[in-house]
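As C-alpha cells, the structure follows; a few thoughts come after it.
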Amino acid sequence: MFTGIDEVDWASLRHAYGSAEDVPALLRGLASTDPVERAGALDGMYGAVHHQGTVYDSTLACVPFLFALAVEEGVAERGELVALLVSIGRGRGPAEAALRALSQAFVVLVGDRDPGVRRAAAEGLVRFLDQPARVLGLLRERITVERDDRVLLALTESLGLFVRRYPAHTSEALDTLLALGAPPYDPGLRLAALGQLACCAPDLLPADLVPRVVGLLGERSELRRSALRERDDTDCADTLAGRLRRLRPSDEEGAQLVRTLHTALGGRLANRIALLEGQLATPDPTDRCNGVWMSAGLFREWRADHSALVALVGEQLGTEADRLRDAASSVLGELFHLAAPAADHLHALVIARPDLWTQRWEPGTPALGGALKALARSGDSRAVTVLAEMLARPVVPDDLGRVIVHLGRSAAPLAPALRHRLGRLPLDSPEMSDRAVPLLSALTALADREAVPEVLRLLRGVPDGMRSGQRVVASAVRALEAFGVGAEGVVPVLRGLLESECAGVAAGALWSVEGDASAVLPSLLRDLASSDGERRRVAADVLARVGVAARVAADVLARMVGAERVEERVAGARALWRVTGDAERALPALRSAWTGHPGVRVAVAACLADMGAAGAPLHDLVTAELAAPRRHLARSGGHGSRDVLEDERLLAVCRETVASGGAACGGEA
C-alpha cells in the first residue's frame with residue numbers, strides 16, 4: 001500500500017498549515033487497526049491536506065496511496081477513503097486528471113463487498129471514467145442487483161449526474177430514472193429519482209408532483225418509524241446504550257432528498273410553497289423539521305408573499321418536539337418583521353415557557369432564547385413586557401439591546417432600565433464593550449435624551465488602549481447624535497474626540513448638535529487623507545451631510561470616486577453630489593457599484609432617493625430591482641442571517657424612490 005511513499009520529498013510539498021512532512025504518518029494512520037488513530041488521520045487529511053476542498057501539491061501526491069488503501073480489503077472504513085478521493089477529484093484541473101488516470105479502480109470499487117465503498121464509488125465512476133456507455137451500463141447493472149437502500153440512493157444520484165455530464169447519452173439513463181420513480185421501488189428511492197428528474201429533465205416530472213412527493217414522504221416516514229420501532233424493541237433496551245440510540249439525530253437523508261428537489265425547482269415558487277405546506281402538515285415531526293429548514297432557504301432567496309407559509313412555520317412552535325420547535329424559532333428569528341404572521345404563536349410560546357427566555361452557550365453570559373428574540377425582532381410590542389422583566393434580573397443577555405431596536409417607540413418604557421444598566425457597567429471590565437454596545441444601540445433607537453449622563457460617563461471613562469474601546473466610543477457618539485441635543489458637557493466631549501481615531505463619528509455628531517462647518521471640516525479633511533479606508537468612508541458620509549459648506553473637499557471627493565474599496569467609492573460619490581451637485585461624475589461610480597457589488601445596493605439606493613430627478617439615469621436599476629423575484633444577496637451567493645432584512649431595506653428604499661416620482665424616468669419594470 002505504501003510502496004514509494006518514502007521516495008516522495010514530502011518536506012518540499014505543502015498543505016494548509018505548511019510543510020507536508022507529516023503526511024506519510026497520516027496516510028499510515030488511515031490503515032491503522034485503532035479506530036481512534038484512523039479517525040485522527042482522516043481528520044488530518046480533511047483538515048490540512050484537503051482543507052476546505054483545496055487541492056495542494058501534497059494532496060495530489062496522496063492520490064496513488066489513497067487508491068491503494070481504498071482497494072485493500074483489510075483496511076477498515078474504506079468508504080471514507082473513496083469519498084475523500086472523489087472530493088479531491090471535484091477540484092478540477094490537475095486533481096481531476098489524477099483521478100481520471102486511475103479511474104479504472106472505480107469499476108472494481110462500485111462492486112465492492114463493502115456497501116460504504118459502493119456508495120462512495122458510484123459518483124467517482126461517473127465523474128472520472130470517460131467511457132459513457134460503459135459507465136451507464138455499470139450503473140444500470142448495479143441498480144438491478146443492489147440491495148442496500150443507501151447505495152441505491154447513491155446510484156440514483158449518480159444517474160442524474162450522468163445525464164448532466166453526458167447529454168448525448170441521456171435516453172436510457174432517463175428511462176431508468178423514470179422507472180426508479182415508480183412502484184415497486186421504495187418511497188425514498190422514488191423521491192431520489194424525482195429529485196434527479198427535476199434537476200436534469202423537469203419536463204418529465206409528473207403533473208401531480210407535489211401531492212406525489214408529499215405522499216412519498218409520508219410513506220417513507222412510516223417505514224422509517226417502523227424500522228426504528230423494530231430496532232428499539234431489539235437493540236434499545238433500557239440501558240445507557242439504548243437511551244443513547246433513542247437520541248437520534250435528525251433525518252439528514254430525508255432532508256437531502258427534499259433539498260435536491262427544492263434546489264431543482266428553483267424559481268417555481270408555487271410548486272415549492274405547495275410542497276412546503278405539505279411537508280409542514282405531515283404527522284411526522286422530523287419531516288416537518290426538514291420542511292422548516294427548507295422554508296428558511298425559500299425565505300432567504302425569494303421575494304414573495306410568504307405570510308401563509310410563515311404562519312405554518314409558527315404553528316410548529318406548539319410541538320413537544322424540541323428539535324422542531326427550536327428550528328421554527330431560529331427560522332422565524334431571521335425574518336424580522338416578516339415573521340409577523342407567526343407572532344401569536346411566538347407570543348404563546350414565550351408566555352407558556354419562561355424557561356426558554358434565555359439560552360446559554362458555555363462559557364459566557366446567556367443569550368436571548370429563539371422565540372423571544374424572534375418575537376422582538378418582528379416588532380411585536382408584546383415582547384416589551386417580557387424584556388422589562390428580564391432587565392430587572394441580575395444577569396441580562398448581552399444581545400437584549402440589539403432586539404430592542406426593532407420594537408420602535410413601543411419599547412420606550414424600557415429606557416429607564418436600560419439607562420440604569422448602562423450606568424452601572426464597570427468601565428474597566430474586559431466585557432464592557434460587549435455589554436455596552438447593545439445597550440447603546442437600544443438607547444439610540446429610542447432617542448432617549450435622558451441617557452446623556454450615562455453616555456458621557458462612558459466617553460469620559462473608557463480606558464486608553466482598551467480592547468474594542470473604539471467601538472464603544474463610536475456607539476456612544478452615535479447615541480448622542482440621535483438624542484439631538486446640546487446638553488451640558490456634550491459639545492466639549494465631542495470636540496475632544498476630533499483628534500481621536502473616532503474623529504469622523506464625533507464630527508458627525510458635533511455637526512448635528514451645532515451645525516458649524518468650520519468646527520468639523522479640519523478633522524474631516526484629515527480623515528479624508530488617512531490611510532485607513534474606513535475613516536475615509538466615515539468622513540465622506542459626514543461631508544455629504546455638511547453639503548455645500550464642504551466645497552473645500554470637492555477635489556479629494558472626486559478622487560475618492562475612483563477608490564479601490566467599493567464602500568469608499570459609494571460614499572465619495574454621494575458626498576460629491578451633495579457638496580457640488582455634480583451628478584455626472586457621481587452616477588457612473590454608483591452604477592458600477594450597484595452592478596458589481598450587490599452588498600452596497602442599499603447605500604446606492606439611498607443616494608438615488610436623495611438625488612431625486614438628478615438620479616434618473618440610474619432609475620432603471622431601481623425598477624429592475626423591484627421586478628426581480630430573487631433577493632439581491634441571494635443572487636450574489638449570499639447566505640447571512642440578516643440577508644432577508646437587508647433585502648427588505650433595499651426594497652423599501654427602492655419603493656421610496658418610485659413613490660417620489662423620479663423612477664418613472666428610468667423606464668418600465
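Following the order of the C-alpha cells, chains are lettered A, B, ..., residues in each are numbered from 1, and ligands are numbered from 1.
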- For Leu159 of chain A: contacts at 8 Å, only C-alpha atoms, fewer than 2 positions along chain excluded, given as number ranges by chain: A: 136, 139, 155-157, 161-163, 173, 177, 196
- Name all residues at most 12 Å from Arg457 of chain A (count only C-alpha atoms; drop same-chain ones fewer than 6 positions away) and give them as a list in words. Arg419, Leu422, Gly423, Arg424, Leu425, Pro426, Leu427, Ala436, Ala451, Pro463, Val472, Val473, Ala476, Val477, Gly489, Val490 and Val493 of chain A
- Using atom CA of Met432 of chain A and atom CA of Asp398 of chain A as the two end points, give the distance in Å to one decimal. 10.3 Å
If you count only C-alpha atoms, which residues fall within 9 Å of segment 553-566 of chain A, apart from same-chain ones fewer than 3 positions away, as an mmCIF file with N, CA, C and O atoms, in the first residue's frame?
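Final output, out_25.cif:
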data_model
loop_
_atom_site.group_PDB
_atom_site.id
_atom_site.type_symbol
_atom_site.label_atom_id
_atom_site.label_comp_id
_atom_site.auth_asym_id
_atom_site.auth_seq_id
_atom_site.Cartn_x
_atom_site.Cartn_y
_atom_site.Cartn_z
ATOM 1 N N LEU A 521 -14.749 70.662 9.729
ATOM 2 C CA LEU A 521 -14.036 70.444 8.473
ATOM 3 C C LEU A 521 -12.570 70.070 8.655
ATOM 4 O O LEU A 521 -12.075 69.168 7.957
ATOM 5 N N LEU A 524 -12.345 66.374 9.429
ATOM 6 C CA LEU A 524 -12.854 65.560 8.318
ATOM 7 C C LEU A 524 -11.862 65.534 7.160
ATOM 8 O O LEU A 524 -11.650 64.491 6.528
ATOM 9 N N LEU A 525 -11.232 66.656 6.892
ATOM 10 C CA LEU A 525 -10.236 66.694 5.818
ATOM 11 C C LEU A 525 -9.021 65.844 6.169
ATOM 12 O O LEU A 525 -8.441 65.184 5.293
ATOM 13 N N LEU A 528 -10.011 62.308 5.515
ATOM 14 C CA LEU A 528 -10.040 62.004 4.077
ATOM 15 C C LEU A 528 -8.653 61.660 3.553
ATOM 16 O O LEU A 528 -8.514 60.901 2.593
ATOM 17 N N ALA A 529 -7.621 62.197 4.191
ATOM 18 C CA ALA A 529 -6.243 61.926 3.772
ATOM 19 C C ALA A 529 -5.632 60.750 4.509
ATOM 20 O O ALA A 529 -4.468 60.406 4.283
ATOM 21 N N GLY A 533 -9.069 53.203 5.177
ATOM 22 C CA GLY A 533 -10.211 53.328 4.276
ATOM 23 C C GLY A 533 -11.519 53.555 4.989
ATOM 24 O O GLY A 533 -12.392 54.292 4.500
ATOM 25 N N ARG A 536 -11.830 57.156 5.988
ATOM 26 C CA ARG A 536 -12.151 57.976 4.810
ATOM 27 C C ARG A 536 -13.636 57.867 4.470
ATOM 28 O O ARG A 536 -14.285 58.859 4.130
ATOM 29 N N ALA A 540 -16.389 60.933 4.512
ATOM 30 C CA ALA A 540 -17.187 61.285 3.332
ATOM 31 C C ALA A 540 -18.672 61.301 3.662
ATOM 32 O O ALA A 540 -19.419 62.181 3.185
ATOM 33 N N LEU A 543 -19.333 64.562 5.404
ATOM 34 C CA LEU A 543 -19.246 65.674 4.457
ATOM 35 C C LEU A 543 -20.496 65.758 3.582
ATOM 36 O O LEU A 543 -20.927 66.856 3.199
ATOM 37 N N ALA A 550 -18.986 72.294 2.484
ATOM 38 C CA ALA A 550 -17.755 71.496 2.469
ATOM 39 C C ALA A 550 -17.119 71.474 1.083
ATOM 40 O O ALA A 550 -16.384 70.551 0.753
ATOM 41 N N ARG A 569 -15.996 54.271 -2.697
ATOM 42 C CA ARG A 569 -16.476 54.862 -3.950
ATOM 43 C C ARG A 569 -17.910 55.371 -3.796
ATOM 44 O O ARG A 569 -18.247 56.466 -4.261
ATOM 45 N N VAL A 570 -18.747 54.571 -3.158
ATOM 46 C CA VAL A 570 -20.143 54.969 -2.980
ATOM 47 C C VAL A 570 -20.237 56.188 -2.068
ATOM 48 O O VAL A 570 -20.953 57.164 -2.366
ATOM 49 N N ALA A 571 -19.515 56.162 -0.953
ATOM 50 C CA ALA A 571 -19.544 57.301 -0.038
ATOM 51 C C ALA A 571 -19.003 58.551 -0.718
ATOM 52 O O ALA A 571 -19.547 59.655 -0.554
ATOM 53 N N GLY A 572 -17.930 58.379 -1.486
ATOM 54 C CA GLY A 572 -17.356 59.526 -2.182
ATOM 55 C C GLY A 572 -18.305 60.104 -3.212
ATOM 56 O O GLY A 572 -18.443 61.331 -3.352
ATOM 57 N N ALA A 573 -18.987 59.232 -3.966
ATOM 58 C CA ALA A 573 -19.919 59.702 -4.995
ATOM 59 C C ALA A 573 -21.086 60.456 -4.368
ATOM 60 O O ALA A 573 -21.506 61.515 -4.863
ATOM 61 N N ALA A 575 -21.137 61.973 -1.438
ATOM 62 C CA ALA A 575 -20.663 63.239 -0.877
ATOM 63 C C ALA A 575 -20.380 64.251 -1.984
ATOM 64 O O ALA A 575 -20.688 65.448 -1.843
ATOM 65 N N LEU A 576 -19.795 63.784 -3.086
ATOM 66 C CA LEU A 576 -19.501 64.686 -4.190
ATOM 67 C C LEU A 576 -20.781 65.331 -4.714
ATOM 68 O O LEU A 576 -20.827 66.532 -5.013
ATOM 69 N N VAL A 579 -22.088 67.861 -2.091
ATOM 70 C CA VAL A 579 -21.225 69.027 -1.909
ATOM 71 C C VAL A 579 -21.212 69.919 -3.154
ATOM 72 O O VAL A 579 -21.232 71.151 -3.058
ATOM 73 N N THR A 580 -21.184 69.293 -4.343
ATOM 74 C CA THR A 580 -21.008 70.068 -5.582
ATOM 75 C C THR A 580 -22.212 70.027 -6.511
ATOM 76 O O THR A 580 -22.291 70.827 -7.444
ATOM 77 N N ARG A 585 -20.225 63.026 -12.523
ATOM 78 C CA ARG A 585 -19.114 62.213 -12.053
ATOM 79 C C ARG A 585 -19.563 61.166 -11.036
ATOM 80 O O ARG A 585 -18.921 60.132 -10.888
ATOM 81 N N ALA A 586 -20.654 61.429 -10.343
ATOM 82 C CA ALA A 586 -21.102 60.500 -9.301
ATOM 83 C C ALA A 586 -21.829 59.288 -9.874
ATOM 84 O O ALA A 586 -21.642 58.154 -9.406
ATOM 85 N N ALA A 589 -19.969 55.924 -11.044
ATOM 86 C CA ALA A 589 -19.443 55.154 -9.912
ATOM 87 C C ALA A 589 -20.566 54.409 -9.196
ATOM 88 O O ALA A 589 -20.399 53.262 -8.760
ATOM 89 N N LEU A 590 -21.718 55.053 -9.070
ATOM 90 C CA LEU A 590 -22.852 54.410 -8.405
ATOM 91 C C LEU A 590 -23.381 53.237 -9.226
ATOM 92 O O LEU A 590 -23.720 52.183 -8.678
ATOM 93 N N ALA A 593 -20.937 50.349 -8.884
ATOM 94 C CA ALA A 593 -21.027 49.724 -7.562
ATOM 95 C C ALA A 593 -22.275 48.847 -7.470
ATOM 96 O O ALA A 593 -22.236 47.737 -6.935
ATOM 97 N N HIS A 597 -21.358 45.012 -7.090
ATOM 98 C CA HIS A 597 -21.237 44.746 -5.652
ATOM 99 C C HIS A 597 -22.616 44.845 -4.992
ATOM 100 O O HIS A 597 -22.956 45.883 -4.412
ATOM 101 N N VAL A 600 -23.632 46.675 -1.541
ATOM 102 C CA VAL A 600 -23.730 48.120 -1.289
ATOM 103 C C VAL A 600 -24.981 48.731 -1.910
ATOM 104 O O VAL A 600 -25.118 49.954 -1.956
#
- Query: Just how far from atom CA of Arg28 of chain A is atom CA of Gly4 of chain A, in Å to one decimal?
  - Reply: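 Interatomic distance here is 12.8 Å.
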- Message: When DSSP is applied to the backbone of this structure, which of segment 315-545 of chain A are assigned alpha helix (DSSP H)? Write them out as a ChimeraX atom specification.
- Response: /A:315,322-333,343-352,370-377,383-391,400-404,415-424,432-446,452-461,469-483,490-496,503-514,517-528,533-545
- Message: I need the residue nearest Pro397 of chain A from this list: A:Pro187, A:Pro283, A:Pro413, A:Pro366. Use only C-alpha atoms for the distance.
- Response: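 Of all the options, A:Pro366 lies closest to Pro397 of chain A.
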- Task: For Glu334 of chain A, work out the shell of residues within 9 Å, counting only C-alpha atoms and skipping chain neighbours fewer than 4 positions away, then give it as a PyMOL selection string.
- Result: chain A and resi 296+300+329-330+338-339+374+377+641-645
- Task: Write out as JSON, numbers by chain each polymer residue whose atoms come within 12 Å of segment 46-59 of chain A, counting only C-alpha atoms; drop sequence neighbours fewer than 6 positions from it.
- Result: {"A": [5, 8, 9, 10, 11, 12, 13, 14, 15, 16, 17, 18, 19, 20, 21, 22, 23, 24, 26, 27, 39, 40, 65, 66, 80, 81, 83, 84, 85, 86, 87, 88, 89, 90, 91, 92, 93, 94, 95, 96, 98, 99]}
- Task: Would you kindly return, as an MDAnalysis selection string, each protein, DNA or RNA residue with an atom no farther than 12 Å from any atom of Val437 of chain A, considering only C-alpha atoms and excluding same-chain residues fewer than 5 positions away?
- Result: chainID A and resid 398:402 418 421:422 425 431:432 442:444 455 458 468:479
- Task: Between atom CA of Leu651 of chain A and atom CA of Gly612 of chain A, measure the distance and give it in Å to one decimal.
- Result: 16.7 Å
- Query: If we count only C-alpha atoms, what is near segment 623-637 of chain A at a cut-off of 6 Å, once residues fewer than 2 positions away on the same chain are taken out, given as a PyMOL selection string?
  - Reply: chain A and resi 301-303+620-621+669
N, CA and C atoms of the current selection, written as a PDB file, in the first residue's frame:
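Contents of the output file out-v1.pdb:
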ATOM      1  N   GLU A 301     -34.035  33.349  -0.146  1.00  0.00           N
ATOM      2  CA  GLU A 301     -33.662  33.521  -1.545  1.00  0.00           C
ATOM      3  C   GLU A 301     -34.698  34.242  -2.382  1.00  0.00           C
ATOM      4  N   TRP A 302     -35.981  34.068  -2.064  1.00  0.00           N
ATOM      5  CA  TRP A 302     -37.025  34.524  -2.990  1.00  0.00           C
ATOM      6  C   TRP A 302     -37.953  35.535  -2.339  1.00  0.00           C
ATOM      7  N   ARG A 303     -38.319  36.546  -3.128  1.00  0.00           N
ATOM      8  CA  ARG A 303     -39.291  37.549  -2.717  1.00  0.00           C
ATOM      9  C   ARG A 303     -40.680  37.077  -3.126  1.00  0.00           C
ATOM     10  N   ASP A 620     -33.363  52.951 -13.896  1.00  0.00           N
ATOM     11  CA  ASP A 620     -33.602  51.627 -14.469  1.00  0.00           C
ATOM     12  C   ASP A 620     -33.157  50.532 -13.506  1.00  0.00           C
ATOM     13  N   LEU A 621     -32.119  50.820 -12.714  1.00  0.00           N
ATOM     14  CA  LEU A 621     -31.652  49.849 -11.723  1.00  0.00           C
ATOM     15  C   LEU A 621     -32.716  49.638 -10.650  1.00  0.00           C
ATOM     16  N   ALA A 669     -40.689  48.600 -15.496  1.00  0.00           N
ATOM     17  CA  ALA A 669     -40.111  47.477 -14.769  1.00  0.00           C
ATOM     18  C   ALA A 669     -40.153  46.250 -15.618  1.00  0.00           C
TER      19      ALA A 669
END
- Given only C-alpha atoms as the counted atoms, nearest of A:Arg601, A:Arg649, A:His619, A:Arg288 to Glu315 of chain A: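 Under the stated criterion, the closest residue is A:Arg288.
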- Message: Please return, as a list in words, all residues of segment 306-393 of chain A that DSSP assigns to strand (DSSP E) on the basis of the backbone.
- Response: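 Selecting the strand (DSSP E) positions of segment 306-393 of chain A gives Thr358, Gln359, Ala367 and Leu368 of chain A.
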Generate a file of the selected residues that holds C-alpha atoms, formatted as a PDB file, in the first residue's frame.
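Final file, selection_18.pdb:
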ATOM      1  CA  THR A 358     -32.720  32.577  27.562  1.00  0.00           C
ATOM      2  CA  GLN A 359     -30.253  30.047  26.268  1.00  0.00           C
ATOM      3  CA  ALA A 367     -28.337  34.883  25.160  1.00  0.00           C
ATOM      4  CA  LEU A 368     -31.960  35.545  24.344  1.00  0.00           C
TER       5      LEU A 368
END
- Given the choices A:Arg537, A:Ser512, A:Ala304, A:Met45, which gets closest to Arg268 of chain A if the distance is worked out from only C-alpha atoms? A:Ala304
